[in-house]
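J.: Input: one structure, supplied below.
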Amino acid sequence: MLTQAQRAIITATVPILEQGGEALTRHFYQNLFRDHPEVLPYFNQAHQHSGEQQRALANGVLMYAKHIDQLDALGGLVSVIVNKHVALQIRAEHYPLVGASLLQAIREVLGEEVASDAVIDAWGAAYGQLAEILAGEEGRIYKEKAAAPGGWSGARDFIVQSKIVESAEITSFLMAPADGRPVLDFAPGQYIGVLATVDGVSMRRQYSLSAASNGQTYRISVKREQGGKVSNHFHDHVRAGDTVQLTPPSGDFVLQDGDKPLVLISGGVGITPTLAMLAAALRGKRPVHFIHAARHQGVHAFRQQIDELAARHPQLTRYYCYAEHAGAHDAPDAVGLLSKERLAQWLPASRDVDAYFLGPQPFMRAVKQYLRELGVPEQQTHHEFFGPAAALN
C-alpha cells in the first residue's frame with residue numbers, strides 16, 4: 001500500500017519522466033533483456049529498434065505517475081495493456097522480473113542523488129500496486145477464457161486449412177483446432193496471439209481476426225513486413241496442413257452494439273479487423289459506410305469481397321482511396337491521400353455516427369483530427385494500434 005509520502009514522491013518525479021522517460025525505458029529494456037533473456041519472446045524486437053516500445057512504455061509510466069491518486073482517470077489504458085498481456089500470455093511470475101529491472105534502471109539513469117532510497121522505495125511500492133492491478137485482472141481473464149465454451153488456457157495447436165493470397169502484401173491463413181473441438185467465440189475487432197519459432201528463436205505476435213466468429217475456425221490476414229521475422233515466416237514457410245500455436249482471442253477494440261450509422265475507416269492492413277466488424281454489422285439494419293485507403297490497387301486486399309457485400313446489402317456504401325493509380329481498371333473513388341474534404345463527402349449527412357478507424361499511425365492521427373473537425377463526437381470514435389499503444393494527439 002502506497003503511503004501519502006510515497007505518493008508525493010511519485011508525483012514529484014513526473015517532470016523528470018517527462019524530460020527523460022524514453023531514455024529511462026530504453027535502459028530498462030537493456031537491463032531486462034540482459035538479466036532475463038527468457039522474456040525476449042514476449043517482445044517484438046522491431047518495435048525495440050524503432051523506439052516504439054520505449055515510447056509506449058514511457059507514456060504508460062508517465063500516465064500512471066500523473067494519476068497515482070486517481071487511477072480511474074487512466075481510462076482505457078489499463079484495458080489495452082491487459083488485453084495485450086493476455087494475448088502474449090504474460091503471467092504473474094513475470095512482474096517481479098520487470099520490476100527489478102525497472103528499479104535498477106531508475107537508479108542507474110537518474111543517479112543516486114535523485115534516485116535516493118526513498119525514491120526507489122516509493123517506485124517499488126507504486127510498481128507493486130500496478131502489478132497487482134494488472135496481474136489480478138489478467139488472471140481473471142485467463143480463468144474466464146479457459147472456462148468459456150471452446151475456450152482454453154495457454155497455447156493450443158491449430159492446423160492451417162488454407163492459405164490464400166489476398167494482395168501483393170497480405171495473405172490469409174484459415175486455421176482449425178487440431179483436437180477437432182470448438183473454439184472460443186470472439187468479438188468483432190479482436191486479435192489472437194500467435195507463437196512461432198523462427199530460425200530457432202521463439203517469438204510471439206498478435207494478429208487481428210479477419211473473419212466473423214463461427215465457433216470452428218479462426219482466420220488471420222498477415223501483411224508481409226519488410227524485415228518482419230514472423231510475417232515473412234508465415235508468408236514464406238507456413239503452408240496448408242502445418243501446425244501453428246494460438247492463444248485465445250483478446251482485445252478491447254471491438255464493435256459495440258448500436259443503431260447509429262457505422263463508419264469503418266481503414267488504411268492498409270488496418271482493414272483486417274474491420275472485416276469481422278462489417279460482417280457483424282450487416283446482420284442488422286444499421287447503415288454502414290466502409291472507407292478504405294491503400295497505396296495502390298495491387299496492395300488492396302479484400303476489394304472483391306467488399307464489392308460483393310455492397311451489391312447484396314443496400315445498407316452498405318463503400319469508398320476506396322488510392323495514393324496512386326494508373327489505368328481505368330478497378331479505379332478507386334479518389335486518388336491521393338485520404339483528406340478531410342473527401343472524408344466529409346463520404347461520411348453520412350448526420351455526424352451522429354459511430355466511427356472505428358485504424359491503420360498506420362500518421363493515417364490514424366489524420367483521421368482522428370478530421371473526424372473531430374467534421375463534428376463527429378469524440379466519444380463515438382474508436383481506434384486500435386498494431387503494436388505498442390501510443391498517443392495520437
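Letters A, B, ... go to the chains of the C-alpha cells in the order shown; residues in each chain start at 1; ligands are counted from 1 in the same order.
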Please provide as a list in words all residues within 12 Å of region 145-149 of chain A, with the sequence filter that same-chain residues fewer than 6 positions apart are discarded (counting only C-alpha atoms).
T.: Val86, Ala87, Glu138, Gly139, Ala155, Arg156, Arg181, Pro182, Val183, Leu184, Asp185, Phe186, Gly215, Gln216, Thr247, Pro248, Pro249 and Ser250 of chain A
J.: Would you mind exporting the chosen residues as a PDB file, in the first residue's frame, restricted to N, CA and C atoms?
T.:
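And here's out07.pdb as it stands now:
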```
ATOM      1  N   VAL A  86      -2.629 -10.491 -22.123  1.00  0.00           N
ATOM      2  CA  VAL A  86      -3.348 -11.757 -22.205  1.00  0.00           C
ATOM      3  C   VAL A  86      -3.022 -12.465 -23.519  1.00  0.00           C
ATOM      4  N   ALA A  87      -2.969 -11.709 -24.615  1.00  0.00           N
ATOM      5  CA  ALA A  87      -2.628 -12.322 -25.904  1.00  0.00           C
ATOM      6  C   ALA A  87      -1.213 -12.873 -25.897  1.00  0.00           C
ATOM      7  N   GLU A 138      -5.619  -9.794 -15.339  1.00  0.00           N
ATOM      8  CA  GLU A 138      -5.214 -10.800 -16.331  1.00  0.00           C
ATOM      9  C   GLU A 138      -5.551 -12.203 -15.851  1.00  0.00           C
ATOM     10  N   GLY A 139      -5.322 -12.477 -14.568  1.00  0.00           N
ATOM     11  CA  GLY A 139      -5.660 -13.784 -14.018  1.00  0.00           C
ATOM     12  C   GLY A 139      -7.142 -14.083 -14.143  1.00  0.00           C
ATOM     13  N   ALA A 155      -1.173 -22.068 -24.887  1.00  0.00           N
ATOM     14  CA  ALA A 155      -1.115 -22.276 -26.331  1.00  0.00           C
ATOM     15  C   ALA A 155      -1.923 -23.513 -26.721  1.00  0.00           C
ATOM     16  N   ARG A 156      -2.536 -23.450 -27.884  1.00  0.00           N
ATOM     17  CA  ARG A 156      -3.327 -24.567 -28.408  1.00  0.00           C
ATOM     18  C   ARG A 156      -2.929 -24.802 -29.863  1.00  0.00           C
ATOM     19  N   ARG A 181     -12.148 -29.898 -31.619  1.00  0.00           N
ATOM     20  CA  ARG A 181     -13.194 -29.369 -30.732  1.00  0.00           C
ATOM     21  C   ARG A 181     -13.519 -27.920 -31.100  1.00  0.00           C
ATOM     22  N   PRO A 182     -14.624 -27.380 -30.576  1.00  0.00           N
ATOM     23  CA  PRO A 182     -14.997 -25.988 -30.894  1.00  0.00           C
ATOM     24  C   PRO A 182     -13.944 -24.992 -30.394  1.00  0.00           C
ATOM     25  N   VAL A 183     -14.044 -23.775 -30.899  1.00  0.00           N
ATOM     26  CA  VAL A 183     -13.151 -22.710 -30.459  1.00  0.00           C
ATOM     27  C   VAL A 183     -13.967 -21.582 -29.831  1.00  0.00           C
ATOM     28  N   LEU A 184     -13.291 -20.803 -29.045  1.00  0.00           N
ATOM     29  CA  LEU A 184     -13.898 -19.684 -28.329  1.00  0.00           C
ATOM     30  C   LEU A 184     -14.435 -18.640 -29.304  1.00  0.00           C
ATOM     31  N   ASP A 185     -15.657 -18.179 -29.068  1.00  0.00           N
ATOM     32  CA  ASP A 185     -16.171 -17.064 -29.852  1.00  0.00           C
ATOM     33  C   ASP A 185     -15.366 -15.803 -29.533  1.00  0.00           C
ATOM     34  N   PHE A 186     -15.408 -14.839 -30.431  1.00  0.00           N
ATOM     35  CA  PHE A 186     -14.696 -13.590 -30.194  1.00  0.00           C
ATOM     36  C   PHE A 186     -15.543 -12.420 -30.662  1.00  0.00           C
ATOM     37  N   GLY A 215     -17.149 -20.297 -34.256  1.00  0.00           N
ATOM     38  CA  GLY A 215     -17.030 -21.386 -33.301  1.00  0.00           C
ATOM     39  C   GLY A 215     -16.215 -22.574 -33.775  1.00  0.00           C
ATOM     40  N   GLN A 216     -15.684 -22.510 -35.006  1.00  0.00           N
ATOM     41  CA  GLN A 216     -14.964 -23.660 -35.555  1.00  0.00           C
ATOM     42  C   GLN A 216     -13.561 -23.315 -36.060  1.00  0.00           C
ATOM     43  N   THR A 247      -2.974 -18.513 -28.923  1.00  0.00           N
ATOM     44  CA  THR A 247      -3.544 -18.228 -27.610  1.00  0.00           C
ATOM     45  C   THR A 247      -4.926 -17.624 -27.818  1.00  0.00           C
ATOM     46  N   PRO A 248      -5.805 -17.652 -26.812  1.00  0.00           N
ATOM     47  CA  PRO A 248      -7.199 -17.241 -27.009  1.00  0.00           C
ATOM     48  C   PRO A 248      -7.356 -15.802 -27.501  1.00  0.00           C
ATOM     49  N   PRO A 249      -8.449 -15.517 -28.205  1.00  0.00           N
ATOM     50  CA  PRO A 249      -8.716 -14.157 -28.694  1.00  0.00           C
ATOM     51  C   PRO A 249      -8.746 -13.153 -27.553  1.00  0.00           C
ATOM     52  N   SER A 250      -8.320 -11.939 -27.863  1.00  0.00           N
ATOM     53  CA  SER A 250      -8.272 -10.875 -26.868  1.00  0.00           C
ATOM     54  C   SER A 250      -8.439  -9.535 -27.578  1.00  0.00           C
TER      55      SER A 250
END
```
J.: For the structure I just gave you, how does DSSP split region 205-295 of chain A - specifically, which residues are alpha helix (DSSP H)? Reply as a ChimeraX atom specification.
T.: /A:229-237,271-281
J.: Could you dump the residues just selected with C-alpha atoms as a CSV table (one decimal), in the first residue's frame?
T.:
```csv
chain,number,residue,atom,x,y,z
A,229,LYS,CA,10.5,-12.1,-38.8
A,230,VAL,CA,7.2,-13.7,-38.1
A,231,SER,CA,5.2,-12.1,-41.0
A,232,ASN,CA,7.9,-13.3,-43.5
A,233,HIS,CA,8.0,-16.7,-41.9
A,234,PHE,CA,4.2,-17.1,-42.4
A,235,HIS,CA,4.4,-15.9,-46.0
A,236,ASP,CA,7.4,-18.0,-47.0
A,237,HIS,CA,7.2,-21.1,-44.9
A,271,ILE,CA,-8.7,-3.4,-43.0
A,272,THR,CA,-8.4,-6.8,-41.3
A,273,PRO,CA,-10.4,-6.3,-38.1
A,274,THR,CA,-13.0,-4.1,-39.9
A,275,LEU,CA,-13.9,-7.2,-41.9
A,276,ALA,CA,-15.3,-9.0,-38.9
A,277,MET,CA,-16.9,-5.8,-37.7
A,278,LEU,CA,-18.6,-5.4,-41.1
A,279,ALA,CA,-19.9,-9.0,-41.1
A,280,ALA,CA,-21.5,-8.4,-37.7
A,281,ALA,CA,-23.0,-5.1,-38.7
```
J.: Distance table requested - region 271-332 of chain A against region 342-366 of chain A, cut-off 8 Å, only C-alpha atoms: one row per qualifying residue with the closest atom pair and its distance in Å to one decimal, ordered by chain and rising residue number, as a tab-separated table.
T.:
```
residue	atom	partner	partner_atom	distance
A:Ile271	CA	A:Gly359	CA	7.6
A:His289	CA	A:Leu347	CA	7.0
A:Ile291	CA	A:Trp346	CA	7.9
A:Tyr319	CA	A:Trp346	CA	7.3
```
J.: Could you dump the residues just selected with all heavy atoms as a JSON list (two decimals), in the first residue's frame?
T.:
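Okay, part-v2.json is ready:
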```json
[["chain", "number", "residue", "atom", "x", "y", "z"],
["A", 271, "ILE", "N", -7.36, -2.87, -42.52],
["A", 271, "ILE", "CA", -8.66, -3.38, -42.97],
["A", 271, "ILE", "C", -9.06, -4.65, -42.25],
["A", 271, "ILE", "O", -10.25, -4.98, -42.15],
["A", 271, "ILE", "CB", -8.63, -3.61, -44.50],
["A", 271, "ILE", "CG1", -10.04, -3.79, -45.05],
["A", 271, "ILE", "CG2", -7.75, -4.82, -44.85],
["A", 271, "ILE", "CD1", -10.08, -3.87, -46.58],
["A", 289, "HIS", "N", -20.90, 2.78, -43.65],
["A", 289, "HIS", "CA", -20.02, 3.43, -44.62],
["A", 289, "HIS", "C", -18.63, 2.83, -44.43],
["A", 289, "HIS", "O", -18.02, 3.01, -43.37],
["A", 289, "HIS", "CB", -20.00, 4.94, -44.40],
["A", 289, "HIS", "CG", -21.25, 5.62, -44.86],
["A", 289, "HIS", "ND1", -21.27, 6.69, -45.71],
["A", 289, "HIS", "CD2", -22.56, 5.35, -44.58],
["A", 289, "HIS", "CE1", -22.51, 7.05, -45.94],
["A", 289, "HIS", "NE2", -23.31, 6.26, -45.25],
["A", 291, "ILE", "N", -14.85, 2.77, -45.60],
["A", 291, "ILE", "CA", -13.88, 3.62, -46.29],
["A", 291, "ILE", "C", -12.49, 3.00, -46.12],
["A", 291, "ILE", "O", -12.03, 2.80, -45.00],
["A", 291, "ILE", "CB", -13.90, 5.05, -45.70],
["A", 291, "ILE", "CG1", -15.31, 5.66, -45.86],
["A", 291, "ILE", "CG2", -12.84, 5.93, -46.37],
["A", 291, "ILE", "CD1", -15.51, 6.95, -45.09],
["A", 319, "TYR", "N", -16.22, 3.12, -50.14],
["A", 319, "TYR", "CA", -15.38, 4.08, -50.86],
["A", 319, "TYR", "C", -13.93, 3.63, -50.76],
["A", 319, "TYR", "O", -13.49, 3.18, -49.70],
["A", 319, "TYR", "CB", -15.51, 5.48, -50.25],
["A", 319, "TYR", "CG", -16.90, 6.06, -50.28],
["A", 319, "TYR", "CD1", -17.73, 5.97, -49.16],
["A", 319, "TYR", "CD2", -17.39, 6.70, -51.42],
["A", 319, "TYR", "CE1", -19.01, 6.50, -49.17],
["A", 319, "TYR", "CE2", -18.67, 7.23, -51.44],
["A", 319, "TYR", "CZ", -19.48, 7.14, -50.32],
["A", 319, "TYR", "OH", -20.75, 7.65, -50.34]]
```
J.: Do a neighbour search on Leu97 (chain A) at 12 Å with only C-alpha atoms, toss out local chain neighbours closer than 5 positions, and write the hits as a PyMOL selection string.
T.: chain A and resi 28-29+31-39+90-92+102-104+127-128+131
J.: Those residues you just picked out, can you put them in a file as a tab-separated table (two decimals), in the first residue's frame with C-alpha atoms?
T.:
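Produced file again_36.tsv, reproduced below:
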```
chain	number	residue	atom	x	y	z
A	28	PHE	CA	15.20	-0.60	-18.54
A	29	TYR	CA	14.80	-2.86	-21.58
A	31	ASN	CA	18.66	-4.44	-18.21
A	32	LEU	CA	15.64	-6.71	-18.62
A	33	PHE	CA	16.90	-8.50	-21.73
A	34	ARG	CA	20.43	-8.84	-20.33
A	35	ASP	CA	19.37	-10.23	-16.96
A	36	HIS	CA	16.27	-12.17	-18.06
A	37	PRO	CA	16.67	-13.32	-21.68
A	38	GLU	CA	13.80	-15.74	-21.15
A	39	VAL	CA	11.36	-12.83	-21.64
A	90	ILE	CA	2.11	-12.60	-19.58
A	91	ARG	CA	1.83	-14.25	-16.16
A	92	ALA	CA	2.12	-13.06	-12.56
A	102	LEU	CA	12.80	-1.02	-13.77
A	103	LEU	CA	14.03	-0.02	-10.32
A	104	GLN	CA	17.61	-0.73	-11.36
A	127	TYR	CA	5.09	-0.70	-9.28
A	128	GLY	CA	3.82	-3.32	-6.86
A	131	ALA	CA	1.49	-5.14	-10.97
```
J.: With only C-alpha atoms as the counted atoms, please give the residues lying no more than 12 Å from Gly268 (chain A), apart from itself and same-chain residues fewer than 6 positions off, as an MDAnalysis selection string.
T.: chainID A and resid 167:170 221:225 274 291:303 320:323 357:361 363:364 386
J.: Find the residues around Gln206 (chain A) up to 7 Å (only C-alpha atoms counted), leave out those fewer than 4 positions away in its own chain, and share them as an NGL selection string.
T.: :A and (87 or 191-194)
J.: What would the file look like if the residues just selected were written as a PDB file, in the first residue's frame with all heavy atoms?
T.:
```
ATOM      1  N   ALA A  87      -2.969 -11.709 -24.615  1.00  0.00           N
ATOM      2  CA  ALA A  87      -2.628 -12.322 -25.904  1.00  0.00           C
ATOM      3  C   ALA A  87      -1.213 -12.873 -25.897  1.00  0.00           C
ATOM      4  O   ALA A  87      -0.928 -13.905 -26.515  1.00  0.00           O
ATOM      5  CB  ALA A  87      -2.792 -11.298 -27.026  1.00  0.00           C
ATOM      6  N   TYR A 191      -8.125  -9.673 -31.639  1.00  0.00           N
ATOM      7  CA  TYR A 191      -6.968 -10.312 -32.258  1.00  0.00           C
ATOM      8  C   TYR A 191      -6.643 -11.601 -31.521  1.00  0.00           C
ATOM      9  O   TYR A 191      -7.210 -11.896 -30.454  1.00  0.00           O
ATOM     10  CB  TYR A 191      -5.750  -9.382 -32.247  1.00  0.00           C
ATOM     11  CG  TYR A 191      -5.458  -8.732 -30.912  1.00  0.00           C
ATOM     12  CD1 TYR A 191      -4.814  -9.419 -29.891  1.00  0.00           C
ATOM     13  CD2 TYR A 191      -5.828  -7.409 -30.671  1.00  0.00           C
ATOM     14  CE1 TYR A 191      -4.548  -8.827 -28.671  1.00  0.00           C
ATOM     15  CE2 TYR A 191      -5.569  -6.801 -29.449  1.00  0.00           C
ATOM     16  CZ  TYR A 191      -4.928  -7.507 -28.455  1.00  0.00           C
ATOM     17  OH  TYR A 191      -4.666  -6.915 -27.237  1.00  0.00           O
ATOM     18  N   ILE A 192      -5.731 -12.374 -32.096  1.00  0.00           N
ATOM     19  CA  ILE A 192      -5.335 -13.633 -31.478  1.00  0.00           C
ATOM     20  C   ILE A 192      -3.817 -13.668 -31.359  1.00  0.00           C
ATOM     21  O   ILE A 192      -3.104 -13.040 -32.155  1.00  0.00           O
ATOM     22  CB  ILE A 192      -5.843 -14.830 -32.303  1.00  0.00           C
ATOM     23  CG1 ILE A 192      -5.906 -16.106 -31.446  1.00  0.00           C
ATOM     24  CG2 ILE A 192      -5.018 -15.063 -33.559  1.00  0.00           C
ATOM     25  CD1 ILE A 192      -6.884 -17.124 -31.960  1.00  0.00           C
ATOM     26  N   GLY A 193      -3.319 -14.363 -30.342  1.00  0.00           N
ATOM     27  CA  GLY A 193      -1.882 -14.493 -30.160  1.00  0.00           C
ATOM     28  C   GLY A 193      -1.337 -15.668 -30.952  1.00  0.00           C
ATOM     29  O   GLY A 193      -1.949 -16.733 -31.008  1.00  0.00           O
ATOM     30  N   VAL A 194      -0.182 -15.457 -31.581  1.00  0.00           N
ATOM     31  CA  VAL A 194       0.471 -16.489 -32.382  1.00  0.00           C
ATOM     32  C   VAL A 194       1.860 -16.735 -31.816  1.00  0.00           C
ATOM     33  O   VAL A 194       2.626 -15.796 -31.587  1.00  0.00           O
ATOM     34  CB  VAL A 194       0.582 -16.054 -33.856  1.00  0.00           C
ATOM     35  CG1 VAL A 194       1.347 -17.091 -34.661  1.00  0.00           C
ATOM     36  CG2 VAL A 194      -0.802 -15.825 -34.455  1.00  0.00           C
TER      37      VAL A 194
END
```
J.: Write out as a VMD selection string each polymer residue whose atoms come within 12 Å of Thr25 (chain A), counting only C-alpha atoms; drop sequence neighbours fewer than 5 positions from it.
T.: chain A and resid 17 to 18 20 30 to 32 48 51 to 62 98 101 to 106 108 to 110
J.: Kindly indicate which residue among A:Val367, A:Ala187, A:Val244, A:Leu74 lies nearest to Arg204 (chain A), using only C-alpha atoms for the distances.
T.: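 Result for the nearest residue to Arg204 (chain A): A:Val244.
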J.: Just to confirm, what's the straight-line distance from CA of Gln161 (chain A) to CA of Ser202 (chain A) in Å (one decimal)?
T.: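 Spanning CA of Gln161 (chain A) to CA of Ser202 (chain A) is a straight-line distance of 23.1 Å.
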J.: Which of region 29-175 of chain A counts as strand (DSSP E) under DSSP, as a ChimeraX atom specification please?
T.: /A:156-165,170-175
J.: Once you have the residues from the selection above, write them out as a CSV table (one decimal), in the first residue's frame, restricted to all heavy atoms.
T.:
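Final output, out08.csv:
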```csv
chain,number,residue,atom,x,y,z
A,156,ARG,N,-2.5,-23.5,-27.9
A,156,ARG,CA,-3.3,-24.6,-28.4
A,156,ARG,C,-2.9,-24.8,-29.9
A,156,ARG,O,-2.7,-23.9,-30.6
A,156,ARG,CB,-4.8,-24.2,-28.3
A,156,ARG,CG,-5.8,-25.4,-28.7
A,156,ARG,CD,-7.2,-24.9,-28.5
A,156,ARG,NE,-8.2,-25.9,-29.0
A,156,ARG,CZ,-9.5,-25.7,-28.9
A,156,ARG,NH1,-10.0,-24.6,-28.5
A,156,ARG,NH2,-10.3,-26.7,-29.4
A,157,ASP,N,-2.8,-26.1,-30.3
A,157,ASP,CA,-2.4,-26.4,-31.6
A,157,ASP,C,-3.6,-26.2,-32.6
A,157,ASP,O,-4.7,-26.7,-32.3
A,157,ASP,CB,-1.9,-27.9,-31.7
A,157,ASP,CG,-0.6,-28.0,-31.1
A,157,ASP,OD1,0.1,-27.0,-30.8
A,157,ASP,OD2,-0.2,-29.2,-30.8
A,158,PHE,N,-3.3,-25.6,-33.7
A,158,PHE,CA,-4.2,-25.4,-34.8
A,158,PHE,C,-3.6,-25.9,-36.1
A,158,PHE,O,-2.4,-25.8,-36.3
A,158,PHE,CB,-4.6,-23.9,-34.9
A,158,PHE,CG,-5.7,-23.5,-34.0
A,158,PHE,CD1,-5.4,-23.4,-32.6
A,158,PHE,CD2,-7.0,-23.2,-34.4
A,158,PHE,CE1,-6.4,-23.0,-31.7
A,158,PHE,CE2,-8.0,-22.8,-33.5
A,158,PHE,CZ,-7.7,-22.7,-32.1
A,159,ILE,N,-4.4,-26.4,-37.0
A,159,ILE,CA,-3.9,-26.8,-38.3
A,159,ILE,C,-4.4,-25.8,-39.4
A,159,ILE,O,-5.5,-25.4,-39.4
A,159,ILE,CB,-4.5,-28.2,-38.7
A,159,ILE,CG1,-4.3,-29.2,-37.6
A,159,ILE,CG2,-4.0,-28.6,-40.0
A,159,ILE,CD1,-2.8,-29.5,-37.4
A,160,VAL,N,-3.4,-25.4,-40.2
A,160,VAL,CA,-3.7,-24.4,-41.3
A,160,VAL,C,-4.6,-25.2,-42.3
A,160,VAL,O,-4.1,-26.1,-42.9
A,160,VAL,CB,-2.4,-23.9,-41.9
A,160,VAL,CG1,-2.8,-22.9,-43.1
A,160,VAL,CG2,-1.6,-23.1,-40.8
A,161,GLN,N,-5.8,-24.7,-42.5
A,161,GLN,CA,-6.7,-25.4,-43.5
A,161,GLN,C,-6.4,-24.8,-44.9
A,161,GLN,O,-6.6,-25.5,-45.9
A,161,GLN,CB,-8.1,-25.2,-43.1
A,161,GLN,CG,-8.5,-26.0,-41.9
A,161,GLN,CD,-10.0,-26.0,-41.7
A,161,GLN,OE1,-10.7,-25.0,-42.0
A,161,GLN,NE2,-10.5,-27.1,-41.2
A,162,SER,N,-6.2,-23.5,-45.0
A,162,SER,CA,-6.0,-22.9,-46.3
A,162,SER,C,-5.1,-21.7,-46.2
A,162,SER,O,-5.0,-21.0,-45.1
A,162,SER,CB,-7.3,-22.5,-47.0
A,162,SER,OG,-8.0,-21.5,-46.2
A,163,LYS,N,-4.4,-21.3,-47.2
A,163,LYS,CA,-3.5,-20.2,-47.3
A,163,LYS,C,-3.9,-19.4,-48.6
A,163,LYS,O,-3.8,-20.0,-49.7
A,163,LYS,CB,-2.0,-20.6,-47.3
A,163,LYS,CG,-1.1,-19.4,-47.5
A,163,LYS,CD,0.4,-20.0,-47.5
A,163,LYS,CE,1.4,-18.9,-47.6
A,163,LYS,NZ,2.8,-19.4,-47.6
A,164,ILE,N,-4.4,-18.2,-48.5
A,164,ILE,CA,-5.0,-17.5,-49.6
A,164,ILE,C,-4.3,-16.2,-49.8
A,164,ILE,O,-4.3,-15.4,-48.8
A,164,ILE,CB,-6.5,-17.3,-49.5
A,164,ILE,CG1,-7.2,-18.7,-49.4
A,164,ILE,CG2,-7.0,-16.5,-50.7
A,164,ILE,CD1,-8.7,-18.6,-49.1
A,165,VAL,N,-3.7,-15.9,-50.9
A,165,VAL,CA,-3.1,-14.6,-51.2
A,165,VAL,C,-4.2,-13.6,-51.5
A,165,VAL,O,-5.0,-13.8,-52.4
A,165,VAL,CB,-2.1,-14.7,-52.4
A,165,VAL,CG1,-1.6,-13.3,-52.8
A,165,VAL,CG2,-1.0,-15.7,-52.1
A,170,ILE,N,-0.6,-9.1,-48.5
A,170,ILE,CA,-1.4,-9.7,-47.5
A,170,ILE,C,-1.8,-11.1,-47.9
A,170,ILE,O,-2.4,-11.3,-49.0
A,170,ILE,CB,-2.6,-8.8,-47.2
A,170,ILE,CG1,-2.2,-7.5,-46.6
A,170,ILE,CG2,-3.6,-9.5,-46.2
A,170,ILE,CD1,-3.3,-6.5,-46.4
A,171,THR,N,-1.6,-12.0,-47.0
A,171,THR,CA,-2.1,-13.4,-47.2
A,171,THR,C,-2.9,-13.9,-46.0
A,171,THR,O,-2.5,-13.6,-44.8
A,171,THR,CB,-0.8,-14.3,-47.4
A,171,THR,OG1,-0.2,-14.0,-48.6
A,171,THR,CG2,-1.3,-15.8,-47.5
A,172,SER,N,-4.0,-14.6,-46.2
A,172,SER,CA,-4.8,-15.1,-45.2
A,172,SER,C,-4.5,-16.5,-44.9
A,172,SER,O,-4.2,-17.3,-45.7
A,172,SER,CB,-6.3,-14.9,-45.6
A,172,SER,OG,-6.7,-13.6,-45.6
A,173,PHE,N,-4.7,-16.9,-43.6
A,173,PHE,CA,-4.5,-18.2,-43.1
A,173,PHE,C,-5.7,-18.6,-42.3
A,173,PHE,O,-6.0,-18.0,-41.3
A,173,PHE,CB,-3.2,-18.3,-42.2
A,173,PHE,CG,-2.0,-17.9,-42.9
A,173,PHE,CD1,-1.6,-16.6,-43.0
A,173,PHE,CD2,-1.2,-18.9,-43.5
A,173,PHE,CE1,-0.4,-16.3,-43.7
A,173,PHE,CE2,0.0,-18.6,-44.1
A,173,PHE,CZ,0.4,-17.3,-44.3
A,174,LEU,N,-6.4,-19.6,-42.8
A,174,LEU,CA,-7.6,-20.2,-42.1
A,174,LEU,C,-7.1,-21.4,-41.3
A,174,LEU,O,-6.5,-22.3,-41.8
A,174,LEU,CB,-8.7,-20.6,-43.1
A,174,LEU,CG,-10.0,-21.1,-42.5
A,174,LEU,CD1,-10.7,-19.9,-41.8
A,174,LEU,CD2,-10.9,-21.7,-43.5
A,175,MET,N,-7.5,-21.4,-40.0
A,175,MET,CA,-6.9,-22.4,-39.0
A,175,MET,C,-8.1,-23.0,-38.2
A,175,MET,O,-9.0,-22.3,-37.7
A,175,MET,CB,-5.9,-21.8,-38.1
A,175,MET,CG,-4.7,-21.2,-38.9
A,175,MET,SD,-3.7,-20.1,-37.9
A,175,MET,CE,-4.7,-18.7,-37.7
```
J.: What's the separation between CA of Ala126 (chain A) and CA of Leu2 (chain A), in Å to one decimal place?
T.: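 Taking CA of Ala126 (chain A) and CA of Leu2 (chain A), their separation equals 6.6 Å.
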J.: From the list A:Ile265, A:Ile16, A:Ala196, A:Ala122, which residue is nearest Gln4 (chain A) when using only C-alpha atoms?
T.: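 Smallest separation from Gln4 (chain A) among the options: A:Ala122.
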J.: Return the single residue from A:Asn83, A:Thr13, A:Gln245, A:Asn214 that is closest to Ala115 (chain A), with distances computed using only C-alpha atoms.
T.: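 Checking each candidate against Ala115 (chain A), we get A:Thr13 as the closest.
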